[in-house]
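> My file is data.cif. It has mmCIF, C-alpha atoms:
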data_query
loop_
_atom_site.label_atom_id
_atom_site.label_comp_id
_atom_site.auth_asym_id
_atom_site.auth_seq_id
_atom_site.Cartn_x
_atom_site.Cartn_y
_atom_site.Cartn_z
CA MET E 1 0.00 0.00 0.00
CA ASN E 2 1.90 3.03 -1.28
CA ASP E 3 -0.84 5.56 -2.07
CA VAL E 4 -0.11 7.84 0.87
CA LYS E 5 -2.27 10.74 -0.33
CA GLY E 6 -5.23 8.50 -1.16
CA TYR E 7 -5.01 6.71 2.17
CA MET E 8 -4.80 9.94 4.14
CA GLU E 9 -7.97 11.16 2.43
CA ALA E 10 -9.95 7.94 2.87
CA HIS E 11 -9.13 5.95 6.00
CA GLU E 12 -12.10 6.94 8.15
CA LEU E 13 -13.30 3.34 8.53
CA GLN E 14 -9.97 2.17 9.93
CA ALA E 15 -9.71 5.20 12.22
CA HIS E 16 -13.26 4.55 13.49
CA ASP E 17 -12.55 0.91 14.38
CA ASN E 18 -9.12 1.73 15.81
CA ALA E 19 -10.63 4.41 18.05
CA ASP E 20 -13.16 1.89 19.39
CA LEU E 21 -10.41 -0.62 20.16
CA ILE E 22 -8.15 1.95 21.81
CA GLU E 23 -11.05 3.12 23.98
CA GLU E 24 -11.92 -0.45 24.98
CA PHE E 25 -8.34 -1.20 26.04
CA SER E 26 -7.57 2.27 27.39
CA ASP E 27 -6.79 0.96 30.89
CA GLU E 28 -4.32 -1.57 29.50
CA LEU E 29 -2.67 1.05 27.28
CA ALA E 30 -2.32 3.42 30.22
CA LYS E 31 -0.21 0.80 32.04
CA MET E 32 2.31 0.35 29.24
CA THR E 33 5.98 1.14 29.87
CA GLY E 34 9.19 1.20 27.87
CA LYS E 35 9.08 0.85 24.09
CA CYS E 36 6.01 0.08 21.96
CA ILE E 37 6.08 -0.88 18.29
CA ASP E 38 3.12 -0.04 16.04
CA ILE E 39 3.26 -2.63 13.26
CA GLY E 40 1.67 -1.42 10.01
CA CYS E 41 1.58 2.20 11.15
CA GLY E 42 1.13 3.57 7.61
CA PRO E 43 1.33 7.40 7.67
CA ALA E 44 1.13 7.23 11.50
CA SER E 45 -1.93 9.46 11.82
CA VAL E 46 -3.62 6.88 14.06
CA THR E 47 -0.34 6.33 15.91
CA ARG E 48 -0.04 9.97 16.85
CA LYS E 49 -3.64 11.13 17.17
CA LEU E 50 -5.28 8.09 18.76
CA LEU E 51 -2.64 5.80 20.25
CA MET E 52 0.01 8.15 21.63
CA PRO E 53 -2.35 10.20 23.87
CA ARG E 54 -3.47 6.97 25.61
CA LEU E 55 0.07 5.86 26.47
CA PRO E 56 2.09 7.16 29.44
CA PRO E 57 4.34 10.12 28.47
CA ASN E 58 7.52 8.09 29.03
CA VAL E 59 6.61 5.43 26.43
CA HIS E 60 8.51 5.68 23.15
CA ILE E 61 6.64 4.48 20.06
CA VAL E 62 8.35 3.01 17.01
CA GLY E 63 6.13 3.05 13.94
CA ALA E 64 6.91 0.20 11.54
CA ASP E 65 5.61 -0.43 8.03
CA ILE E 66 6.62 -2.45 4.98
CA SER E 67 5.99 0.56 2.72
CA LYS E 68 9.00 2.81 2.20
CA LYS E 69 6.74 5.65 1.04
CA MET E 70 4.59 5.44 4.15
CA ILE E 71 7.64 5.51 6.43
CA GLU E 72 9.19 8.44 4.57
CA PHE E 73 5.91 10.37 4.88
CA ALA E 74 5.62 9.51 8.59
CA LYS E 75 9.20 10.62 9.30
CA GLN E 76 8.67 13.96 7.57
CA THR E 77 5.22 14.59 9.05
CA HIS E 78 6.03 13.68 12.65
CA SER E 79 9.64 14.85 12.90
CA ASP E 80 8.60 17.31 15.63
CA GLU E 81 7.49 14.54 18.01
CA LYS E 82 10.41 13.15 20.02
CA ARG E 83 8.35 10.20 21.30
CA LEU E 84 7.98 8.83 17.77
CA SER E 85 10.50 7.15 15.49
CA PHE E 86 10.02 4.97 12.41
CA ILE E 87 11.50 1.92 10.72
CA GLU E 88 10.78 -0.14 7.62
CA LEU E 89 9.75 -3.66 8.61
CA ASP E 90 8.27 -6.71 6.91
CA VAL E 91 6.57 -8.43 9.83
CA GLU E 92 6.32 -11.74 7.98
CA ALA E 93 9.96 -11.84 6.86
CA GLU E 94 11.79 -15.13 7.27
CA LYS E 95 14.30 -13.39 9.51
CA ILE E 96 13.69 -10.34 11.68
CA PRO E 97 16.72 -8.00 12.08
CA LYS E 98 18.81 -9.09 15.06
CA GLU E 99 18.60 -5.67 16.69
CA LEU E 100 14.84 -6.12 17.04
CA ASN E 101 15.05 -9.35 19.06
CA CYS E 102 13.41 -8.75 22.46
CA ALA E 103 13.57 -5.01 21.75
CA PHE E 104 10.01 -4.05 22.70
CA ASP E 105 7.90 -4.11 25.83
CA ASN E 106 4.65 -3.81 23.88
CA ALA E 107 3.33 -4.17 20.35
CA VAL E 108 0.16 -3.00 18.64
CA SER E 109 -1.07 -3.69 15.14
CA PHE E 110 -4.29 -2.37 13.63
CA TYR E 111 -5.67 -3.39 10.21
CA CYS E 112 -2.33 -4.86 9.15
CA LEU E 113 -1.70 -8.53 9.97
CA ASN E 114 -4.70 -9.73 7.95
CA MET E 115 -2.74 -8.62 4.87
CA CYS E 116 0.04 -11.11 5.66
CA GLN E 117 0.03 -14.34 3.69
CA ASN E 118 1.77 -16.18 6.50
CA THR E 119 -0.21 -15.29 9.61
CA ARG E 120 1.67 -17.76 11.79
CA ARG E 121 5.07 -16.34 10.85
CA ALA E 122 3.87 -12.79 11.48
CA PHE E 123 2.86 -13.69 15.03
CA GLU E 124 6.07 -15.69 15.51
CA ASN E 125 8.01 -12.56 14.61
CA ILE E 126 5.97 -10.44 17.01
CA TYR E 127 6.73 -13.02 19.71
CA GLN E 128 10.41 -12.69 18.83
CA ILE E 129 10.58 -8.91 19.07
CA LEU E 130 8.73 -8.77 22.41
CA ARG E 131 10.60 -9.01 25.68
CA PRO E 132 9.46 -11.69 28.16
CA GLY E 133 6.27 -10.41 29.78
CA GLY E 134 5.61 -8.13 26.80
CA ARG E 135 2.09 -7.69 25.51
CA ALA E 136 0.47 -7.18 22.10
CA LEU E 137 -2.87 -5.69 21.07
CA VAL E 138 -4.09 -6.58 17.58
CA LEU E 139 -7.04 -5.68 15.38
CA TYR E 140 -7.29 -8.29 12.60
CA VAL E 141 -9.85 -8.30 9.76
CA ALA E 142 -11.48 -11.73 9.70
CA TYR E 143 -14.05 -11.01 6.99
CA HIS E 144 -14.88 -8.18 4.62
CA LYS E 145 -17.19 -8.22 1.61
CA ILE E 146 -14.66 -6.32 -0.51
CA PHE E 147 -12.45 -9.42 -0.69
CA ASP E 148 -15.27 -11.46 -2.20
CA CYS E 149 -15.65 -8.66 -4.73
CA TYR E 150 -11.96 -9.05 -5.58
CA LEU E 151 -12.49 -12.74 -6.35
CA ARG E 152 -15.44 -12.05 -8.65
CA ILE E 153 -13.84 -9.17 -10.51
CA ALA E 154 -10.61 -11.16 -10.98
CA GLN E 155 -12.57 -13.41 -13.34
CA MET E 156 -13.46 -10.53 -15.67
CA SER E 157 -11.32 -10.59 -18.81
CA GLN E 158 -10.36 -6.89 -18.68
CA TYR E 159 -9.01 -7.16 -15.11
CA LYS E 160 -7.82 -10.77 -14.92
CA PRO E 161 -4.27 -10.05 -16.22
CA TYR E 162 -3.70 -7.61 -13.35
CA MET E 163 -5.18 -9.81 -10.62
CA THR E 164 -3.43 -13.14 -11.15
CA GLU E 165 -2.31 -13.18 -7.50
CA VAL E 166 -5.68 -12.18 -6.07
CA THR E 167 -5.74 -14.99 -3.49
CA LYS E 168 -2.63 -13.49 -1.86
CA PHE E 169 -4.76 -10.56 -0.75
CA ILE E 170 -7.64 -12.51 0.78
CA PRO E 171 -7.47 -12.66 4.61
CA LYS E 172 -6.73 -16.09 6.04
CA PHE E 173 -10.12 -16.39 7.74
CA GLN E 174 -12.30 -14.81 5.03
CA HIS E 175 -14.22 -18.05 4.46
CA CYS E 176 -13.63 -19.69 7.85
CA ASP E 177 -16.54 -20.77 10.05
CA SER E 178 -14.53 -20.59 13.29
CA PRO E 179 -11.89 -17.84 13.00
CA THR E 180 -11.58 -17.36 16.77
CA VAL E 181 -10.80 -21.05 17.35
CA GLN E 182 -8.31 -21.16 14.47
CA MET E 183 -6.58 -17.95 15.54
CA LYS E 184 -6.26 -19.08 19.16
CA LYS E 185 -4.64 -22.30 17.98
CA ILE E 186 -2.00 -20.37 16.00
CA LEU E 187 -1.31 -18.00 18.90
CA GLU E 188 -0.99 -20.71 21.53
CA GLU E 189 1.23 -22.85 19.31
CA THR E 190 3.42 -19.78 18.78
CA GLY E 191 3.89 -19.58 22.54
CA PHE E 192 1.62 -16.69 23.48
CA LYS E 193 -0.68 -16.57 26.47
CA VAL E 194 -4.01 -15.46 24.95
CA LEU E 195 -5.51 -12.86 27.27
CA HIS E 196 -8.40 -12.09 24.93
CA CYS E 197 -9.56 -13.20 21.48
CA SER E 198 -13.05 -12.39 20.25
CA LEU E 199 -14.88 -11.90 16.98
CA ARG E 200 -16.79 -8.63 16.51
CA LYS E 201 -19.31 -7.73 13.83
CA LYS E 202 -18.79 -4.08 13.00
CA THR E 203 -20.68 -1.64 10.80
CA TYR E 204 -19.67 1.60 9.14
CA ILE E 205 -21.73 3.86 6.90
CA PHE E 206 -20.16 5.66 3.96
CA ARG E 207 -22.13 8.80 3.12
CA ASN E 208 -22.34 7.89 -0.57
CA LEU E 209 -20.86 5.60 -3.22
CA GLU E 210 -18.09 8.02 -4.22
CA ILE E 211 -16.73 8.15 -0.67
CA ALA E 212 -16.85 4.35 -0.47
CA LYS E 213 -14.98 4.13 -3.78
CA LYS E 214 -12.20 6.45 -2.57
CA HIS E 215 -11.75 4.25 0.48
CA PHE E 216 -11.51 0.98 -1.43
CA VAL E 217 -9.28 2.43 -4.14
CA ALA E 218 -6.85 3.84 -1.56
CA VAL E 219 -6.17 0.41 -0.04
CA ASN E 220 -6.43 -1.60 -3.27
CA PRO E 221 -3.33 -3.63 -4.29
CA PHE E 222 -4.19 -4.00 -7.99
CA ILE E 223 -4.86 -0.53 -9.42
CA SER E 224 -1.18 0.46 -9.42
CA LYS E 225 -0.55 -2.36 -11.93
CA MET E 226 -3.25 -1.18 -14.34
CA PRO E 227 -3.18 1.45 -17.12
CA GLU E 228 -4.82 4.65 -15.91
CA ASP E 229 -8.06 4.21 -17.86
CA VAL E 230 -8.43 0.57 -16.80
CA GLY E 231 -7.72 1.44 -13.18
CA LYS E 232 -10.28 4.23 -13.18
CA GLU E 233 -13.01 1.94 -14.44
CA PHE E 234 -11.90 -0.80 -12.07
CA GLY E 235 -12.50 1.56 -9.14
CA ASN E 236 -16.05 2.18 -10.33
CA VAL E 237 -16.74 -1.52 -10.85
CA LEU E 238 -15.32 -2.40 -7.44
CA ALA E 239 -17.40 0.19 -5.59
CA ARG E 240 -20.61 -0.76 -7.38
CA ALA E 241 -19.99 -4.47 -6.75
CA PHE E 242 -19.55 -3.75 -3.06
CA ALA E 243 -22.61 -1.52 -2.73
CA SER E 244 -25.05 -3.42 -4.95
CA GLU E 245 -27.81 -5.54 -3.48
CA LYS E 246 -30.02 -8.05 -5.25
CA ASN E 247 -33.33 -6.73 -6.56
CA LYS E 248 -32.42 -3.14 -5.67
CA GLU E 249 -31.51 -0.35 -8.05
CA LEU E 250 -28.24 1.30 -7.05
CA ASN E 251 -28.52 4.97 -6.10
CA GLU E 252 -25.06 6.57 -6.02
CA GLU E 253 -26.22 9.23 -3.56
CA GLU E 254 -27.48 6.78 -0.97
CA GLU E 255 -25.49 5.75 2.07
CA VAL E 256 -23.43 2.58 1.70
CA LEU E 257 -23.44 0.10 4.58
CA ASP E 258 -20.18 -1.68 5.36
CA LEU E 259 -20.45 -4.81 7.52
CA HIS E 260 -17.19 -6.48 8.46
CA HIS E 261 -15.86 -8.88 11.08
CA LEU E 262 -12.83 -8.18 13.27
CA LEU E 263 -10.76 -10.34 15.56
CA ILE E 264 -9.73 -8.43 18.68
CA ILE E 265 -6.62 -10.01 20.16
CA HIS E 266 -4.70 -9.31 23.37
CA LEU E 267 -1.57 -11.37 24.02
CA GLU E 268 1.26 -11.83 26.46
CA LYS E 269 4.66 -13.37 25.92
CA PRO E 270 5.29 -15.48 29.05
CA GLU E 271 8.06 -14.43 31.42
CA ARG E 272 9.42 -17.94 31.08
CA GLU E 273 9.18 -19.68 27.74
CA LYS E 274 7.97 -23.26 27.68
#
For this file, write the structure as structure tokens.

Amino acid sequence: MNDVKGYMEAHELQAHDNADLIEEFSDELAKMTGKCIDIGCGPASVTRKLLMPRLPPNVHIVGADISKKMIEFAKQTHSDEKRLSFIELDVEAEKIPKELNCAFDNAVSFYCLNMCQNTRRAFENIYQILRPGGRALVLYVAYHKIFDCYLRIAQMSQYKPYMTEVTKFIPKFQHCDSPTVQMKKILEETGFKVLHCSLRKKTYIFRNLEIAKKHFVAVNPFISKMPEDVGKEFGNVLARAFASEKNKELNEEEEVLDLHHLLIIHLEKPEREK
């Protein structure tokens, strides 16, 4: 995800869900000490505006993201804040940099880990970078209708050449009947003590179809591969596929309901490993 400008203009849904999570775990956040890593921080607007005010003033936050453009933007935008620093990081890399081993007292990750192909490895790496007794708070997308739209549109001849790897971008639990059970199994096998893991059904209302389109285009992994004219039409097709309902004529000025499922996860790395 490298469209910094597009994301900054259209990430209200993520900010809304992140704010709810941060409020719910405000007491836990207020007890944090030391260093906290925000994995998948993007432009760090949520990091600074929502997360940082809930942490004690002596906690240093390291924003981490796989996108070089996002990290460059975050560094420039938040250079005035001494409590923030930023690094490039692929959380599902085969090997995490040695200097990150047991480097953090806490970790958070919002709307990021569901984009990893190897969920288990991502959590193994988080386990690795946490110090014994360290905790992690994660918001993980378990289901979203937009990913089913990806699968349908990927079969259309005009878009198929640009979406050959579409399954790489479908969350692990998109079509799973028991995501909580499956996620707990991964976390416990990784070594974590699972303090909390629950599935939430969330709703968000986009004011109209155009606003919904801007949101889904900003986080879309395929448009950057398409010629400009093809990408523009793809955005329209994607938004209409998401908003359309059977036996109902689509009104572009009507509100668009977004129903999605989130896994809320709170973890602890044991003081003594098994």
> Which is closer to Leu29 in chain E than all the others in E:Asp177, E:Asp105, E:Glu188, E:Glu94, using all atoms listed in the file?
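Of E:Asp177, E:Asp105, E:Glu188, E:Glu94, the one nearest Leu29 in chain E is E:Asp105, counting all atoms listed in the file.
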> So that all listed atoms of range 131-136 of chain E fit with 8 Å spare on each side, what axis-aligned box centre and edge lengths in Å, to one decimal, would you give as AutoDock Vina command-line options?

--center_x 5.5 --center_y -9.4 --center_z 25.9 --size_x 26.1 --size_y 20.5 --size_z 23.7
> Would you please work out which residue, of E:Asn236, E:Thr33, E:Ser178, E:Thr119, is nearest to Arg54 in chain E when using all atoms listed in the file?
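The shortest atom-to-atom distance to Arg54 in chain E comes from E:Thr33.
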> Could you work out how far CA of Lys31 in chain E lies from CA of Ile61 in chain E, giving the answer in Å with one decimal?
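Interatomic distance, CA of Ile61 in chain E to CA of Lys31 in chain E: 14.3 Å.
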> Would you work out the distance separating CA of Arg240 in chain E from CA of Ser157 in chain E, expressed in Å to one decimal?
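These two atoms are separated by 17.7 Å.
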> List as an mmCIF file with C-alpha atoms, in the coordinates of the input the protein and nucleic acid residues near Gln117 in chain E, meaning an atom at most 8 Å away when only C-alpha atoms are counted, but skip any in the same chain fewer than 5 places from it.

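Listing of out10.cif after writing:
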data_model
loop_
_atom_site.group_PDB
_atom_site.id
_atom_site.type_symbol
_atom_site.label_atom_id
_atom_site.label_comp_id
_atom_site.auth_asym_id
_atom_site.auth_seq_id
_atom_site.Cartn_x
_atom_site.Cartn_y
_atom_site.Cartn_z
ATOM 1 C CA LYS E 168 -2.630 -13.490 -1.860
ATOM 2 C CA PHE E 169 -4.760 -10.560 -0.750
ATOM 3 C CA PRO E 171 -7.470 -12.660 4.610
ATOM 4 C CA LYS E 172 -6.730 -16.090 6.040
#
> Could you tell me, as a VMD selection string, exactly which residues end up selected when the PyMOL selection byres ((chain E and resi 14) around 12) is applied to this structure?
chain E and resid 7 to 13 15 to 21 41 to 42 45 to 46 50 109 to 112 139 to 141 202 to 204 215 to 216 219 258 260 262
> Here is a test: counting only C-alpha atoms, which residue of E:Leu130, E:Leu51, E:Leu257, E:Ala30 is nearest to Phe192 in chain E?
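The closest residue to Phe192 in chain E is E:Leu130.
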> Any idea what's packed within 6 Å of range 64-72 of chain E, counting all atoms listed in the file, ignoring anything in its chain fewer than 4 positions away? Could you give it as a PyMOL selection string?
chain E and resi 2+38-43+86-90
> Can you tell me how far CA of Glu81 in chain E sits from CA of Ala218 in chain E, in Å to one decimal?
26.5 Å
> Closest to Ala136 in chain E among E:Thr164, E:Ser85, E:Asn106, E:Gln158, using only C-alpha atoms?
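Among E:Thr164, E:Ser85, E:Asn106, E:Gln158, it is E:Asn106 that comes nearest to Ala136 in chain E.
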> Name the closest residue to Glu210 in chain E among the candidates E:Ala154, E:Ile126, E:Val237, E:Ile265; distances are taken between atoms, counting all atoms listed in the file.
E:Val237
> Might you spell out which residues the PyMOL selection byres ((chain E and resi 150) around 12) would select in the displayed file, as a VMD selection string?
chain E and resid 144 to 149 151 to 156 159 to 160 162 to 171 216 to 217 220 to 223 234 to 235 237 to 239 241 to 242
> Which residues, named as in the file, does the PyMOL selection byres ((chain E and resi 129) around 7) pick out? Answer as a list in words.
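Applying the PyMOL selection byres ((chain E and resi 129) around 7) to the structure shown produces Leu100, Asn101, Cys102, Ala103, Phe104, Asn125, Ile126, Tyr127, Gln128, Leu130 and Arg131 of chain E.
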> Given the choices E:Gly134, E:Gly63, E:Lys269, E:Cys116, which gets closest to Met32 in chain E if the distance is worked out from all atoms listed in the file?
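Smallest separation from Met32 in chain E among the options: E:Gly134.
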> Mind checking which residues fall within 12 Å of Glu254 in chain E, counting all atoms listed in the file, ignoring those fewer than 3 positions away in the same chain, and posting them as an MDAnalysis selection string?
chainID E and resid 205:212 243:244 249:251 257
> Quick one: residues within 8 Å of His60 in chain E, only C-alpha atoms, excluding same-chain residues fewer than 2 positions away - as a PyMOL selection string?
chain E and resi 34-36+58+62+83-84
> From the coordinates supplied, range 34-53 of chain E should be written with N, CA, C and O atoms, as a PDB file, in the first residue's frame.

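Final output, saved to part24.pdb:
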ATOM      1  N   GLY E  34       8.089   1.530  28.772  1.00  0.00           N
ATOM      2  CA  GLY E  34       9.190   1.201  27.872  1.00  0.00           C
ATOM      3  C   GLY E  34       8.953   1.575  26.425  1.00  0.00           C
ATOM      4  O   GLY E  34       8.529   2.688  26.109  1.00  0.00           O
ATOM      5  N   LYS E  35       9.194   0.609  25.527  1.00  0.00           N
ATOM      6  CA  LYS E  35       9.078   0.845  24.088  1.00  0.00           C
ATOM      7  C   LYS E  35       7.904   0.053  23.512  1.00  0.00           C
ATOM      8  O   LYS E  35       7.716  -1.112  23.838  1.00  0.00           O
ATOM      9  N   CYS E  36       7.160   0.711  22.625  1.00  0.00           N
ATOM     10  CA  CYS E  36       6.013   0.084  21.959  1.00  0.00           C
ATOM     11  C   CYS E  36       6.192   0.194  20.457  1.00  0.00           C
ATOM     12  O   CYS E  36       6.488   1.279  19.939  1.00  0.00           O
ATOM     13  N   ILE E  37       6.008  -0.895  19.744  1.00  0.00           N
ATOM     14  CA  ILE E  37       6.081  -0.876  18.289  1.00  0.00           C
ATOM     15  C   ILE E  37       4.678  -0.938  17.705  1.00  0.00           C
ATOM     16  O   ILE E  37       3.842  -1.730  18.142  1.00  0.00           O
ATOM     17  N   ASP E  38       4.402  -0.056  16.745  1.00  0.00           N
ATOM     18  CA  ASP E  38       3.120  -0.035  16.040  1.00  0.00           C
ATOM     19  C   ASP E  38       3.356  -0.635  14.655  1.00  0.00           C
ATOM     20  O   ASP E  38       3.895   0.034  13.765  1.00  0.00           O
ATOM     21  N   ILE E  39       2.969  -1.890  14.487  1.00  0.00           N
ATOM     22  CA  ILE E  39       3.255  -2.628  13.256  1.00  0.00           C
ATOM     23  C   ILE E  39       2.182  -2.330  12.216  1.00  0.00           C
ATOM     24  O   ILE E  39       0.998  -2.553  12.449  1.00  0.00           O
ATOM     25  N   GLY E  40       2.605  -1.824  11.051  1.00  0.00           N
ATOM     26  CA  GLY E  40       1.671  -1.421  10.014  1.00  0.00           C
ATOM     27  C   GLY E  40       1.131  -0.027  10.292  1.00  0.00           C
ATOM     28  O   GLY E  40      -0.051   0.249  10.086  1.00  0.00           O
ATOM     29  N   CYS E  41       1.999   0.864  10.732  1.00  0.00           N
ATOM     30  CA  CYS E  41       1.584   2.203  11.151  1.00  0.00           C
ATOM     31  C   CYS E  41       1.122   3.078   9.999  1.00  0.00           C
ATOM     32  O   CYS E  41       0.436   4.083  10.217  1.00  0.00           O
ATOM     33  N   GLY E  42       1.503   2.730   8.744  1.00  0.00           N
ATOM     34  CA  GLY E  42       1.134   3.567   7.608  1.00  0.00           C
ATOM     35  C   GLY E  42       1.672   4.977   7.777  1.00  0.00           C
ATOM     36  O   GLY E  42       2.821   5.169   8.190  1.00  0.00           O
ATOM     37  N   PRO E  43       0.864   6.010   7.529  1.00  0.00           N
ATOM     38  CA  PRO E  43       1.330   7.397   7.673  1.00  0.00           C
ATOM     39  C   PRO E  43       1.409   7.862   9.117  1.00  0.00           C
ATOM     40  O   PRO E  43       1.793   8.994   9.381  1.00  0.00           O
ATOM     41  N   ALA E  44       1.021   6.998  10.050  1.00  0.00           N
ATOM     42  CA  ALA E  44       1.133   7.235  11.502  1.00  0.00           C
ATOM     43  C   ALA E  44       0.146   8.269  12.030  1.00  0.00           C
ATOM     44  O   ALA E  44       0.352   8.808  13.121  1.00  0.00           O
ATOM     45  N   SER E  45      -0.914   8.535  11.306  1.00  0.00           N
ATOM     46  CA  SER E  45      -1.930   9.460  11.815  1.00  0.00           C
ATOM     47  C   SER E  45      -2.657   8.852  13.014  1.00  0.00           C
ATOM     48  O   SER E  45      -2.905   9.533  14.017  1.00  0.00           O
ATOM     49  N   VAL E  46      -2.998   7.556  12.931  1.00  0.00           N
ATOM     50  CA  VAL E  46      -3.621   6.876  14.062  1.00  0.00           C
ATOM     51  C   VAL E  46      -2.625   6.755  15.218  1.00  0.00           C
ATOM     52  O   VAL E  46      -2.979   6.934  16.387  1.00  0.00           O
ATOM     53  N   THR E  47      -1.385   6.459  14.896  1.00  0.00           N
ATOM     54  CA  THR E  47      -0.343   6.329  15.914  1.00  0.00           C
ATOM     55  C   THR E  47      -0.268   7.580  16.769  1.00  0.00           C
ATOM     56  O   THR E  47      -0.250   7.513  18.009  1.00  0.00           O
ATOM     57  N   ARG E  48      -0.227   8.718  16.112  1.00  0.00           N
ATOM     58  CA  ARG E  48      -0.035   9.965  16.855  1.00  0.00           C
ATOM     59  C   ARG E  48      -1.327  10.503  17.474  1.00  0.00           C
ATOM     60  O   ARG E  48      -1.337  10.937  18.632  1.00  0.00           O
ATOM     61  N   LYS E  49      -2.416  10.482  16.700  1.00  0.00           N
ATOM     62  CA  LYS E  49      -3.639  11.131  17.165  1.00  0.00           C
ATOM     63  C   LYS E  49      -4.451  10.276  18.126  1.00  0.00           C
ATOM     64  O   LYS E  49      -5.110  10.806  19.031  1.00  0.00           O
ATOM     65  N   LEU E  50      -4.435   8.952  17.944  1.00  0.00           N
ATOM     66  CA  LEU E  50      -5.282   8.087  18.758  1.00  0.00           C
ATOM     67  C   LEU E  50      -4.505   7.270  19.786  1.00  0.00           C
ATOM     68  O   LEU E  50      -4.919   7.154  20.937  1.00  0.00           O
ATOM     69  N   LEU E  51      -3.384   6.683  19.359  1.00  0.00           N
ATOM     70  CA  LEU E  51      -2.636   5.797  20.250  1.00  0.00           C
ATOM     71  C   LEU E  51      -1.775   6.563  21.247  1.00  0.00           C
ATOM     72  O   LEU E  51      -1.850   6.313  22.459  1.00  0.00           O
ATOM     73  N   MET E  52      -0.959   7.469  20.771  1.00  0.00           N
ATOM     74  CA  MET E  52       0.011   8.146  21.630  1.00  0.00           C
ATOM     75  C   MET E  52      -0.624   8.849  22.837  1.00  0.00           C
ATOM     76  O   MET E  52      -0.091   8.751  23.951  1.00  0.00           O
ATOM     77  N   PRO E  53      -1.760   9.533  22.687  1.00  0.00           N
ATOM     78  CA  PRO E  53      -2.350  10.198  23.865  1.00  0.00           C
ATOM     79  C   PRO E  53      -2.807   9.232  24.958  1.00  0.00           C
ATOM     80  O   PRO E  53      -2.976   9.652  26.111  1.00  0.00           O
TER      81      PRO E  53
END
